[in-house]
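The file data_30.cif comes next; it holds mmCIF, C-alpha atoms and all ligand atoms.
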data_protein
#
loop_
_atom_site.group_PDB
_atom_site.id
_atom_site.type_symbol
_atom_site.label_atom_id
_atom_site.label_comp_id
_atom_site.auth_asym_id
_atom_site.auth_seq_id
_atom_site.Cartn_x
_atom_site.Cartn_y
_atom_site.Cartn_z
ATOM 1 C CA MET A 8 -24.792 23.837 -61.315
ATOM 2 C CA LYS A 9 -24.468 22.706 -57.703
ATOM 3 C CA LYS A 10 -20.864 22.623 -56.485
ATOM 4 C CA GLU A 11 -19.560 19.083 -55.986
ATOM 5 C CA ARG A 12 -18.877 18.133 -52.375
ATOM 6 C CA ILE A 13 -15.629 16.201 -52.033
ATOM 7 C CA ALA A 14 -14.261 14.077 -49.198
ATOM 8 C CA ALA A 15 -10.644 12.970 -48.808
ATOM 9 C CA VAL A 16 -9.728 9.678 -47.141
ATOM 10 C CA VAL A 17 -6.223 8.794 -45.942
ATOM 11 C CA LEU A 18 -5.559 5.088 -45.369
ATOM 12 C CA ALA A 19 -3.246 4.729 -42.377
ATOM 13 C CA ALA A 20 -4.273 1.577 -40.538
ATOM 14 C CA GLY A 21 -1.837 -1.000 -41.941
ATOM 15 C CA LYS A 22 0.896 -2.854 -40.106
ATOM 16 C CA GLY A 23 3.754 -1.859 -42.429
ATOM 17 C CA LYS A 24 5.638 -5.080 -41.704
ATOM 18 C CA ARG A 25 8.392 -4.364 -44.251
ATOM 19 C CA MET A 26 9.473 -1.384 -42.115
ATOM 20 C CA ASN A 27 10.640 -3.633 -39.251
ATOM 21 C CA SER A 28 9.373 -1.220 -36.604
ATOM 22 C CA PRO A 29 6.699 -3.131 -34.669
ATOM 23 C CA ASP A 30 6.246 -0.376 -32.036
ATOM 24 C CA LYS A 31 6.008 2.567 -34.432
ATOM 25 C CA GLN A 32 3.186 3.043 -36.936
ATOM 26 C CA LYS A 33 4.691 3.325 -40.420
ATOM 27 C CA VAL A 34 2.933 6.577 -41.372
ATOM 28 C CA THR A 35 4.210 8.290 -38.201
ATOM 29 C CA HIS A 36 7.888 7.903 -39.099
ATOM 30 C CA ASP A 37 9.516 11.317 -39.427
ATOM 31 C CA LEU A 38 10.555 13.017 -42.645
ATOM 32 C CA ALA A 39 12.659 16.097 -41.839
ATOM 33 C CA GLY A 40 11.441 15.979 -38.254
ATOM 34 C CA ARG A 41 7.686 15.599 -38.918
ATOM 35 C CA PRO A 42 5.531 12.461 -39.163
ATOM 36 C CA MET A 43 4.993 11.672 -42.852
ATOM 37 C CA VAL A 44 1.197 11.489 -42.496
ATOM 38 C CA ALA A 45 1.161 15.051 -41.095
ATOM 39 C CA TYR A 46 2.385 16.392 -44.476
ATOM 40 C CA THR A 47 -0.437 14.614 -46.275
ATOM 41 C CA VAL A 48 -3.125 15.884 -43.925
ATOM 42 C CA GLU A 49 -1.741 19.435 -44.051
ATOM 43 C CA THR A 50 -1.905 19.393 -47.866
ATOM 44 C CA LEU A 51 -5.471 18.055 -47.770
ATOM 45 C CA LYS A 52 -6.472 20.822 -45.349
ATOM 46 C CA SER A 53 -5.038 23.450 -47.712
ATOM 47 C CA VAL A 54 -7.147 22.049 -50.587
ATOM 48 C CA ARG A 55 -10.242 22.563 -48.401
ATOM 49 C CA PHE A 56 -12.067 19.283 -48.760
ATOM 50 C CA ASP A 57 -15.584 19.136 -47.345
ATOM 51 C CA GLN A 58 -14.529 16.219 -45.150
ATOM 52 C CA ILE A 59 -11.146 14.706 -44.289
ATOM 53 C CA ILE A 60 -11.215 11.181 -42.899
ATOM 54 C CA VAL A 61 -8.211 9.204 -41.675
ATOM 55 C CA VAL A 62 -8.588 5.427 -41.420
ATOM 56 C CA VAL A 63 -6.748 4.207 -38.337
ATOM 57 C CA GLY A 64 -6.205 0.773 -36.790
ATOM 58 C CA HIS A 65 -2.787 -0.670 -35.963
ATOM 59 C CA LEU A 66 -1.173 1.633 -33.317
ATOM 60 C CA LYS A 67 -3.964 4.138 -33.931
ATOM 61 C CA GLU A 68 -3.088 6.444 -30.986
ATOM 62 C CA GLN A 69 0.181 7.348 -32.733
ATOM 63 C CA VAL A 70 -1.595 8.287 -35.966
ATOM 64 C CA ILE A 71 -4.301 10.293 -34.168
ATOM 65 C CA LYS A 72 -1.590 12.265 -32.338
ATOM 66 C CA ALA A 73 0.400 12.829 -35.546
ATOM 67 C CA VAL A 74 -2.454 14.269 -37.636
ATOM 68 C CA GLY A 75 -3.846 16.710 -35.068
ATOM 69 C CA GLY A 76 -7.399 18.101 -35.090
ATOM 70 C CA ASP A 77 -10.055 18.963 -37.690
ATOM 71 C CA VAL A 78 -10.275 15.493 -39.217
ATOM 72 C CA LEU A 79 -12.583 12.542 -38.664
ATOM 73 C CA PHE A 80 -11.379 9.039 -37.917
ATOM 74 C CA ALA A 81 -12.688 5.716 -39.199
ATOM 75 C CA HIS A 82 -11.556 2.575 -37.425
ATOM 76 C CA GLN A 83 -10.384 -0.581 -39.172
ATOM 77 C CA ASP A 84 -10.283 -3.339 -36.559
ATOM 78 C CA GLU A 85 -8.107 -5.753 -38.516
ATOM 79 C CA PRO A 86 -5.698 -4.858 -41.340
ATOM 80 C CA LEU A 87 -7.470 -6.803 -44.069
ATOM 81 C CA GLY A 88 -6.109 -4.714 -46.933
ATOM 82 C CA THR A 89 -6.537 -1.356 -48.630
ATOM 83 C CA GLY A 90 -9.953 -2.299 -50.067
ATOM 84 C CA ASP A 91 -11.252 -3.094 -46.597
ATOM 85 C CA ALA A 92 -9.719 0.104 -45.169
ATOM 86 C CA LEU A 93 -11.599 2.345 -47.597
ATOM 87 C CA ARG A 94 -14.805 0.359 -47.003
ATOM 88 C CA VAL A 95 -14.572 1.227 -43.314
ATOM 89 C CA ALA A 96 -14.491 4.930 -44.262
ATOM 90 C CA LEU A 97 -17.765 4.608 -46.214
ATOM 91 C CA PHE A 98 -19.626 4.623 -42.903
ATOM 92 C CA VAL A 99 -18.153 8.011 -41.993
ATOM 93 C CA ILE A 100 -18.490 9.775 -45.370
ATOM 94 C CA ASP A 101 -21.379 12.231 -45.175
ATOM 95 C CA PRO A 102 -24.421 11.456 -47.370
ATOM 96 C CA SER A 103 -24.027 14.871 -49.051
ATOM 97 C CA ILE A 104 -20.599 13.957 -50.508
ATOM 98 C CA ASP A 105 -20.507 13.488 -54.336
ATOM 99 C CA VAL A 106 -16.844 12.611 -54.952
ATOM 100 C CA VAL A 107 -14.241 10.775 -52.841
ATOM 101 C CA LEU A 108 -10.460 11.188 -53.111
ATOM 102 C CA SER A 109 -8.594 8.328 -51.502
ATOM 103 C CA LEU A 110 -4.866 8.138 -50.870
ATOM 104 C CA TYR A 111 -2.330 6.269 -48.763
ATOM 105 C CA GLY A 112 -0.543 7.641 -45.715
ATOM 106 C CA ASP A 113 2.810 6.063 -46.642
ATOM 107 C CA ASP A 114 3.449 7.610 -50.065
ATOM 108 C CA SER A 115 1.741 11.002 -50.300
ATOM 109 C CA ALA A 116 3.982 13.305 -48.216
ATOM 110 C CA PHE A 117 5.382 15.020 -51.326
ATOM 111 C CA LEU A 118 2.110 15.637 -53.184
ATOM 112 C CA SER A 119 1.265 19.289 -53.792
ATOM 113 C CA LYS A 120 -2.137 20.884 -53.413
ATOM 114 C CA GLU A 121 -1.885 22.103 -57.023
ATOM 115 C CA THR A 122 -1.551 18.515 -58.267
ATOM 116 C CA LEU A 123 -4.541 17.403 -56.231
ATOM 117 C CA ARG A 124 -6.638 20.315 -57.554
ATOM 118 C CA PHE A 125 -5.535 19.559 -61.121
ATOM 119 C CA PHE A 126 -6.392 15.862 -60.709
ATOM 120 C CA ILE A 127 -9.835 16.688 -59.300
ATOM 121 C CA ASP A 128 -10.463 19.131 -62.134
ATOM 122 C CA ALA A 129 -9.389 16.636 -64.835
ATOM 123 C CA PHE A 130 -11.668 14.024 -63.257
ATOM 124 C CA SER A 131 -14.710 16.335 -63.204
ATOM 125 C CA LYS A 132 -14.174 17.347 -66.842
ATOM 126 C CA SER A 133 -13.675 13.733 -67.987
ATOM 127 C CA ARG A 134 -16.990 12.600 -66.509
ATOM 128 C CA ALA A 135 -15.283 9.280 -65.724
ATOM 129 C CA ASP A 136 -16.523 7.154 -62.812
ATOM 130 C CA MET A 137 -13.096 6.637 -61.305
ATOM 131 C CA ALA A 138 -9.564 7.950 -61.847
ATOM 132 C CA CYS A 139 -6.156 6.853 -60.651
ATOM 133 C CA LEU A 140 -2.991 8.902 -60.544
ATOM 134 C CA THR A 141 -0.040 7.039 -62.057
ATOM 135 C CA VAL A 142 3.692 7.554 -62.327
ATOM 136 C CA VAL A 143 6.412 6.036 -64.499
ATOM 137 C CA ARG A 144 9.324 4.531 -62.569
ATOM 138 C CA ASP A 145 12.553 3.089 -64.040
ATOM 139 C CA ASP A 146 12.456 0.579 -61.218
ATOM 140 C CA PRO A 147 8.812 -0.346 -60.532
ATOM 141 C CA THR A 148 9.710 -3.164 -58.099
ATOM 142 C CA GLY A 149 7.104 -3.812 -55.433
ATOM 143 C CA LEU A 150 4.453 -1.472 -56.877
ATOM 144 C CA GLY A 151 1.084 -2.074 -58.552
ATOM 145 C CA ARG A 152 1.379 -1.987 -62.360
ATOM 146 C CA ILE A 153 -1.073 -0.143 -64.625
ATOM 147 C CA VAL A 154 -2.221 -2.547 -67.341
ATOM 148 C CA ARG A 155 -3.491 -0.784 -70.491
ATOM 149 C CA ASP A 156 -5.061 -2.230 -73.640
ATOM 150 C CA SER A 157 -3.965 -1.596 -77.264
ATOM 151 C CA ARG A 158 -5.893 1.702 -77.241
ATOM 152 C CA GLU A 159 -4.040 2.797 -74.085
ATOM 153 C CA HIS A 160 -7.178 2.516 -71.957
ATOM 154 C CA VAL A 161 -6.525 1.250 -68.444
ATOM 155 C CA VAL A 162 -7.827 -2.288 -67.947
ATOM 156 C CA ARG A 163 -6.726 -3.155 -64.421
ATOM 157 C CA ILE A 164 -4.046 -2.695 -61.801
ATOM 158 C CA VAL A 165 -2.023 -5.765 -60.936
ATOM 159 C CA GLU A 166 0.065 -6.073 -57.788
ATOM 160 C CA GLU A 167 3.600 -7.349 -58.225
ATOM 161 C CA LYS A 168 2.989 -10.552 -56.271
ATOM 162 C CA LEU A 169 0.173 -11.512 -58.656
ATOM 163 C CA ALA A 170 1.691 -10.156 -61.893
ATOM 164 C CA SER A 171 2.895 -12.217 -64.861
ATOM 165 C CA ASP A 172 6.475 -11.745 -66.092
ATOM 166 C CA GLU A 173 5.174 -9.549 -68.914
ATOM 167 C CA GLU A 174 3.143 -7.401 -66.509
ATOM 168 C CA LYS A 175 6.162 -7.038 -64.230
ATOM 169 C CA ARG A 176 7.944 -5.258 -67.087
ATOM 170 C CA ILE A 177 5.354 -2.420 -67.061
ATOM 171 C CA LYS A 178 6.885 0.788 -65.700
ATOM 172 C CA GLU A 179 3.713 2.812 -65.179
ATOM 173 C CA VAL A 180 2.717 2.259 -61.554
ATOM 174 C CA ASN A 181 -0.128 3.019 -59.212
ATOM 175 C CA THR A 182 0.467 5.934 -56.832
ATOM 176 C CA GLY A 183 -2.542 4.945 -54.732
ATOM 177 C CA VAL A 184 -4.256 8.303 -55.289
ATOM 178 C CA TYR A 185 -7.763 7.720 -56.619
ATOM 179 C CA LEU A 186 -10.952 9.658 -57.285
ATOM 180 C CA PHE A 187 -14.361 8.030 -57.306
ATOM 181 C CA THR A 188 -17.879 9.217 -57.788
ATOM 182 C CA ARG A 189 -19.733 8.434 -54.603
ATOM 183 C CA GLY A 190 -22.230 6.259 -56.469
ATOM 184 C CA MET A 191 -19.511 4.030 -57.971
ATOM 185 C CA LEU A 192 -17.768 3.625 -54.645
ATOM 186 C CA ASP A 193 -20.980 2.592 -52.874
ATOM 187 C CA VAL A 194 -21.678 -0.032 -55.544
ATOM 188 C CA TYR A 195 -18.228 -1.489 -56.251
ATOM 189 C CA LEU A 196 -16.239 -1.236 -53.013
ATOM 190 C CA PRO A 197 -18.323 -3.934 -51.268
ATOM 191 C CA LYS A 198 -17.820 -6.170 -54.326
ATOM 192 C CA ILE A 199 -14.032 -6.469 -53.867
ATOM 193 C CA GLN A 200 -13.232 -10.084 -52.970
ATOM 194 C CA ARG A 201 -10.607 -11.289 -50.561
ATOM 195 C CA ASN A 202 -7.836 -12.690 -52.782
ATOM 196 C CA GLU A 203 -5.252 -15.460 -52.405
ATOM 197 C CA THR A 204 -3.026 -13.210 -50.272
ATOM 198 C CA GLY A 205 -5.855 -13.049 -47.712
ATOM 199 C CA GLU A 206 -6.434 -9.317 -48.317
ATOM 200 C CA TYR A 207 -8.963 -7.080 -50.039
ATOM 201 C CA PHE A 208 -7.014 -5.033 -52.608
ATOM 202 C CA LEU A 209 -8.462 -1.590 -53.371
ATOM 203 C CA THR A 210 -6.759 -1.858 -56.761
ATOM 204 C CA ASP A 211 -9.226 -4.611 -57.755
ATOM 205 C CA ILE A 212 -11.956 -1.969 -57.981
ATOM 206 C CA VAL A 213 -10.603 -0.818 -61.366
ATOM 207 C CA GLU A 214 -11.563 -4.067 -63.082
ATOM 208 C CA LEU A 215 -14.910 -4.195 -61.250
ATOM 209 C CA VAL A 216 -15.871 -0.683 -62.393
ATOM 210 C CA ILE A 217 -14.840 -1.435 -66.006
ATOM 211 C CA ASN A 218 -16.667 -4.776 -66.073
ATOM 212 C CA GLY A 219 -19.746 -2.955 -64.793
ATOM 213 C CA GLY A 220 -19.609 -0.592 -67.791
ATOM 214 C CA GLY A 221 -17.955 2.331 -65.988
ATOM 215 C CA ALA A 222 -15.105 4.501 -67.277
ATOM 216 C CA VAL A 223 -11.732 4.664 -65.503
ATOM 217 C CA LEU A 224 -9.212 7.393 -66.220
ATOM 218 C CA ALA A 225 -5.495 6.808 -65.547
ATOM 219 C CA HIS A 226 -3.897 10.200 -65.157
ATOM 220 C CA PRO A 227 -0.057 10.359 -65.220
ATOM 221 C CA LEU A 228 1.541 12.590 -62.618
ATOM 222 C CA GLU A 229 3.464 15.395 -64.311
ATOM 223 C CA ASN A 230 6.030 16.149 -61.639
ATOM 224 C CA THR A 231 7.202 12.643 -60.816
ATOM 225 C CA GLU A 232 9.140 13.913 -57.788
ATOM 226 C CA GLU A 233 5.848 14.526 -56.005
ATOM 227 C CA TRP A 234 5.376 10.865 -55.317
ATOM 228 C CA PHE A 235 7.509 8.698 -53.071
ATOM 229 C CA GLY A 236 6.415 5.357 -51.637
ATOM 230 C CA VAL A 237 7.854 4.432 -48.239
ATOM 231 C CA ASN A 238 7.730 0.719 -47.495
ATOM 232 C CA SER A 239 11.230 -0.019 -46.164
ATOM 233 C CA PRO A 240 13.829 1.557 -43.847
ATOM 234 C CA GLU A 241 15.934 2.362 -46.916
ATOM 235 C CA GLN A 242 13.068 4.208 -48.630
ATOM 236 C CA LEU A 243 12.391 6.050 -45.355
ATOM 237 C CA ARG A 244 15.995 7.292 -45.248
ATOM 238 C CA GLU A 245 15.780 8.386 -48.883
ATOM 239 C CA ALA A 246 12.466 10.220 -48.361
ATOM 240 C CA ASP A 247 13.863 11.906 -45.229
ATOM 241 C CA ALA A 248 16.884 13.155 -47.191
ATOM 242 C CA LEU A 249 14.610 14.454 -49.973
ATOM 243 C CA LYS A 250 12.444 16.386 -47.489
ATOM 244 C CA ARG A 251 15.560 17.867 -45.946
ATOM 245 C CA GLY A 252 16.710 18.897 -49.427
ATOM 246 C CA LEU A 253 19.857 16.798 -49.145
ATOM 247 C CA SER A 254 19.517 14.861 -52.348
HETATM 248 C C1 LIG B 1 -0.227 -0.095 -52.467
HETATM 249 C C2 LIG B 1 -1.009 -0.459 -53.739
HETATM 250 C C3 LIG B 1 -0.065 -0.471 -54.937
HETATM 251 C C4 LIG B 1 0.638 0.866 -55.068
HETATM 252 C C5 LIG B 1 1.349 1.235 -53.747
HETATM 253 C C6 LIG B 1 1.853 2.668 -53.806
HETATM 254 C C7 LIG B 1 -2.880 -1.961 -53.060
HETATM 255 C C8 LIG B 1 -3.345 -3.365 -53.022
HETATM 256 N N1 LIG B 1 -1.640 -1.766 -53.578
HETATM 257 O O1 LIG B 1 0.699 -1.149 -52.208
HETATM 258 O O2 LIG B 1 -0.787 -0.748 -56.138
HETATM 259 O O3 LIG B 1 1.567 0.863 -56.138
HETATM 260 O O4 LIG B 1 0.432 1.147 -52.630
HETATM 261 O O5 LIG B 1 2.484 3.038 -52.614
HETATM 262 O O6 LIG B 1 -3.589 -1.071 -52.633
HETATM 263 N N2 LIG B 1 -3.585 0.177 -45.109
HETATM 264 C C9 LIG B 1 -4.649 0.203 -44.244
HETATM 265 N N3 LIG B 1 -5.245 -0.983 -43.915
HETATM 266 C C10 LIG B 1 -4.849 -2.181 -44.421
HETATM 267 C C11 LIG B 1 -3.748 -2.187 -45.324
HETATM 268 C C12 LIG B 1 -3.131 -0.996 -45.650
HETATM 269 O O7 LIG B 1 -5.058 1.265 -43.780
HETATM 270 O O8 LIG B 1 -5.471 -3.196 -44.086
HETATM 271 C C13 LIG B 1 -2.888 1.452 -45.420
HETATM 272 C C14 LIG B 1 -1.446 1.445 -44.932
HETATM 273 O O9 LIG B 1 -1.366 2.000 -43.633
HETATM 274 C C15 LIG B 1 -0.712 2.282 -45.986
HETATM 275 C C16 LIG B 1 -1.596 2.163 -47.234
HETATM 276 O O10 LIG B 1 -2.843 1.617 -46.818
HETATM 277 O O11 LIG B 1 -0.627 3.644 -45.603
HETATM 278 C C17 LIG B 1 -0.982 1.277 -48.332
HETATM 279 O O12 LIG B 1 -0.749 -0.021 -47.806
HETATM 280 P P1 LIG B 1 0.566 -0.849 -48.163
HETATM 281 O O13 LIG B 1 0.465 -2.165 -47.482
HETATM 282 O O14 LIG B 1 1.781 -0.035 -47.919
HETATM 283 O O15 LIG B 1 0.366 -1.069 -49.745
HETATM 284 P P2 LIG B 1 1.506 -1.262 -50.820
HETATM 285 O O16 LIG B 1 1.986 -2.674 -50.752
HETATM 286 O O17 LIG B 1 2.517 -0.188 -50.699
HETATM 287 MG MG MG B 2 2.900 1.148 -49.163
#

The structure given in the file should be rewritten as structure tokens.
Amino acid sequence: MKKERIAAVVLAAGKGKRMNSPDKQKVTHDLAGRPMVAYTVETLKSVRFDQIIVVVGHLKEQVIKAVGGDVLFAHQDEPLGTGDALRVALFVIDPSIDVVLSLYGDDSAFLSKETLRFFIDAFSKSRADMACLTVVRDDPTGLGRIVRDSREHVVRIVEEKLASDEEKRIKEVNTGVYLFTRGMLDVYLPKIQRNETGEYFLTDIVELVINGGGAVLAHPLENTEEWFGVNSPEQLREADALKRGLS
């Protein structure tokens, strides 16, 4: 059987308003003296993807400097949301690519290459059309919740600002690490609609794929310490301490 060709896409074009640092791109903040996005790209390089693409936009020069060479860049002109950011990368993904891993530049600095390999392997074996990596958090505040049906199958991901009170009680959250077959991405990414927040949410693709008859796997992360979302100065300080081994 022909070996699958896999591309990795890092989304790093957002404004990161909650960080209160208008002159510094969120993903370039340092963890133990290195820009957080540099850890992500280094891990991706060690997994040996066929293509690595970084989506840049807001303060893009800082991100380009932080990630170094050997990657391609896709340019998002306006930060219209994570769904729009990945759509921009579609134009750069080589036609020979079969599978796309997508992740965020502000929460993937602790992910190991072993976990990424394991996730890719589980996805290939499952023959699903899409997979998302999830994690259980005692305090899921601010994160996208994984909604499952009575048979434990994932139904959709709902962002906190659009979640019902019942959905807000869900503790399994979206890490933002996804795998897609190229075919599914080409079909469903352009179908994501701009929602009432004014953005295109990548998370909406789950429901679109399922409604189109596709299968979505939600794969819980085993080592929960490998995932840390950084959206605020407080979370940045905590992540920095963790990287320095101080906590
Ligand atoms: C996102 C997920 C949420 C998940 C969380 C995990 C969506 C809609 N929500 O929320 O389900 O639990 O991450 O950390 O995807 N970006 C762009 N262009 C944009 C907007 C964002 O490139 O137009 C990039 C940002 O630079 C960032 C990443 O995408 O690195 C995630 O964006 P962010 O706004 O931080 O999403 P969250 O609210 O954290
Ligand atoms: Mg974030």

| remark: Of A:Val107, A:Leu150, A:Ile60, A:Leu66, the one sitting nearest Asp30 of chain A when using all atoms listed in the file is A:Leu66

| query | Hey, what's within 9 Å of Leu97 of chain A if we count all atoms listed in the file and toss same-chain stuff fewer than 2 positions away? As a VMD selection string, please? | reply | chain A and resid 81 93 to 95 99 to 101 192 to 193

Residue contacts of Glu11 of chain A (9 Å, all atoms listed in the file) excluding same-chain residues fewer than 5 positions away, as a JSON list (two decimals) with C-alpha atoms, keeping the file's coordinate frame:
[["chain", "number", "residue", "atom", "x", "y", "z"],
["A", 104, "ILE", "CA", -20.60, 13.96, -50.51],
["A", 105, "ASP", "CA", -20.51, 13.49, -54.34],
["A", 106, "VAL", "CA", -16.84, 12.61, -54.95]]

| message | Residues within 10 Å of Asp113 of chain A, please, as a PyMOL selection string. Count only C-alpha atoms; anything in the same chain fewer than 5 positions from it doesn't count. | response | chain A and resi 17-19+21+23+33-36+43-44+47+183+235-238+243

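Here the PyMOL selection byres (((chain A and resi 63) around 9) and not hetatm) catches exactly these residues: Val17, Leu18, Ala19, Ala20, Gly21, Val61, Val62, Gly64, His65, Leu66, Lys67, Glu68, Val70, Ile71, Phe80, Ala81, His82, Gln83, Asp84 and Ala92 of chain A.
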
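Put simply, atom CA of Leu87 of chain A is 17.9 Å away from atom CA of Met26 of chain A.
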
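Comparing the minimum interatomic distances between ligand LIG 1 (chain B) and each of A:Glu179, A:Glu121, A:Glu166, A:Glu233, counting only C-alpha atoms and all ligand atoms, we find that A:Glu166 sits nearest.
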
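Of the listed residues (A:Leu51, A:Glu232, A:Arg152, A:Ser28), A:Arg152 comes nearest to Glu173 of chain A; the distances count only C-alpha atoms.
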
| said: Please expand the PyMOL selection byres (((chain A and resi 191) around 10) and not hetatm) into the concrete residues it hits in this file, giving the result as a ChimeraX atom specification. | reply: /A:106-107,136-137,187-190,192-196,212,215-216,219,221

Please, could you write that set of residues out with C-alpha atoms as a short mmCIF file (atom, residue, chain, number, x, y, z; two decimals), in the coordinates of the input?
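The resulting file, again_4.cif, is shown below:
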data_model
loop_
_atom_site.label_atom_id
_atom_site.label_comp_id
_atom_site.auth_asym_id
_atom_site.auth_seq_id
_atom_site.Cartn_x
_atom_site.Cartn_y
_atom_site.Cartn_z
CA VAL A 106 -16.84 12.61 -54.95
CA VAL A 107 -14.24 10.78 -52.84
CA ASP A 136 -16.52 7.15 -62.81
CA MET A 137 -13.10 6.64 -61.30
CA PHE A 187 -14.36 8.03 -57.31
CA THR A 188 -17.88 9.22 -57.79
CA ARG A 189 -19.73 8.43 -54.60
CA GLY A 190 -22.23 6.26 -56.47
CA LEU A 192 -17.77 3.62 -54.64
CA ASP A 193 -20.98 2.59 -52.87
CA VAL A 194 -21.68 -0.03 -55.54
CA TYR A 195 -18.23 -1.49 -56.25
CA LEU A 196 -16.24 -1.24 -53.01
CA ILE A 212 -11.96 -1.97 -57.98
CA LEU A 215 -14.91 -4.20 -61.25
CA VAL A 216 -15.87 -0.68 -62.39
CA GLY A 219 -19.75 -2.96 -64.79
CA GLY A 221 -17.95 2.33 -65.99
#

| Result set of the PyMOL selection byres (((chain A and resi 149) around 8) and not hetatm) on the coordinates above, as an MDAnalysis selection string | chainID A and resid 147:148 150:151 166:168

If I only have part of segment 41-47 of chain A, can you fill in all heavy atoms and write it as an mmCIF file, in the frame of the given file?
data_model
loop_
_atom_site.group_PDB
_atom_site.id
_atom_site.type_symbol
_atom_site.label_atom_id
_atom_site.label_comp_id
_atom_site.auth_asym_id
_atom_site.auth_seq_id
_atom_site.Cartn_x
_atom_site.Cartn_y
_atom_site.Cartn_z
ATOM 1 N N ARG A 41 9.157 15.620 -39.075
ATOM 2 C CA ARG A 41 7.686 15.599 -38.918
ATOM 3 C C ARG A 41 7.134 14.268 -39.409
ATOM 4 O O ARG A 41 7.591 13.748 -40.431
ATOM 5 C CB ARG A 41 7.035 16.679 -39.798
ATOM 6 C CG ARG A 41 6.967 18.023 -39.153
ATOM 7 C CD ARG A 41 6.209 18.959 -40.063
ATOM 8 N NE ARG A 41 4.782 18.853 -39.867
ATOM 9 C CZ ARG A 41 3.874 19.323 -40.733
ATOM 10 N NH1 ARG A 41 4.272 19.890 -41.853
ATOM 11 N NH2 ARG A 41 2.599 19.230 -40.474
ATOM 12 N N PRO A 42 6.106 13.744 -38.723
ATOM 13 C CA PRO A 42 5.531 12.461 -39.163
ATOM 14 C C PRO A 42 5.030 12.565 -40.615
ATOM 15 O O PRO A 42 4.398 13.566 -40.978
ATOM 16 C CB PRO A 42 4.346 12.252 -38.220
ATOM 17 C CG PRO A 42 4.522 13.209 -37.101
ATOM 18 C CD PRO A 42 5.410 14.309 -37.563
ATOM 19 N N MET A 43 5.348 11.556 -41.419
ATOM 20 C CA MET A 43 4.993 11.672 -42.852
ATOM 21 C C MET A 43 3.503 11.911 -43.079
ATOM 22 O O MET A 43 3.120 12.668 -43.967
ATOM 23 C CB MET A 43 5.497 10.479 -43.659
ATOM 24 C CG MET A 43 4.927 9.153 -43.314
ATOM 25 S SD MET A 43 5.511 7.898 -44.502
ATOM 26 C CE MET A 43 6.770 7.094 -43.562
ATOM 27 N N VAL A 44 2.642 11.321 -42.272
ATOM 28 C CA VAL A 44 1.197 11.489 -42.496
ATOM 29 C C VAL A 44 0.747 12.936 -42.222
ATOM 30 O O VAL A 44 -0.245 13.411 -42.785
ATOM 31 C CB VAL A 44 0.383 10.466 -41.659
ATOM 32 C CG1 VAL A 44 0.453 10.764 -40.174
ATOM 33 C CG2 VAL A 44 -1.048 10.366 -42.137
ATOM 34 N N ALA A 45 1.517 13.653 -41.400
ATOM 35 C CA ALA A 45 1.161 15.051 -41.095
ATOM 36 C C ALA A 45 1.277 15.926 -42.344
ATOM 37 O O ALA A 45 0.474 16.847 -42.548
ATOM 38 C CB ALA A 45 2.056 15.593 -39.979
ATOM 39 N N TYR A 46 2.257 15.626 -43.218
ATOM 40 C CA TYR A 46 2.385 16.392 -44.476
ATOM 41 C C TYR A 46 1.144 16.190 -45.346
ATOM 42 O O TYR A 46 0.603 17.130 -45.923
ATOM 43 C CB TYR A 46 3.617 15.925 -45.270
ATOM 44 C CG TYR A 46 4.947 16.282 -44.651
ATOM 45 C CD1 TYR A 46 5.659 15.352 -43.895
ATOM 46 C CD2 TYR A 46 5.503 17.539 -44.843
ATOM 47 C CE1 TYR A 46 6.892 15.665 -43.349
ATOM 48 C CE2 TYR A 46 6.741 17.863 -44.303
ATOM 49 C CZ TYR A 46 7.426 16.918 -43.550
ATOM 50 O OH TYR A 46 8.653 17.243 -43.019
ATOM 51 N N THR A 47 0.726 14.934 -45.435
ATOM 52 C CA THR A 47 -0.437 14.614 -46.275
ATOM 53 C C THR A 47 -1.677 15.356 -45.780
ATOM 54 O O THR A 47 -2.390 15.998 -46.560
ATOM 55 C CB THR A 47 -0.697 13.084 -46.239
ATOM 56 O OG1 THR A 47 0.476 12.424 -46.689
ATOM 57 C CG2 THR A 47 -1.882 12.709 -47.084
#
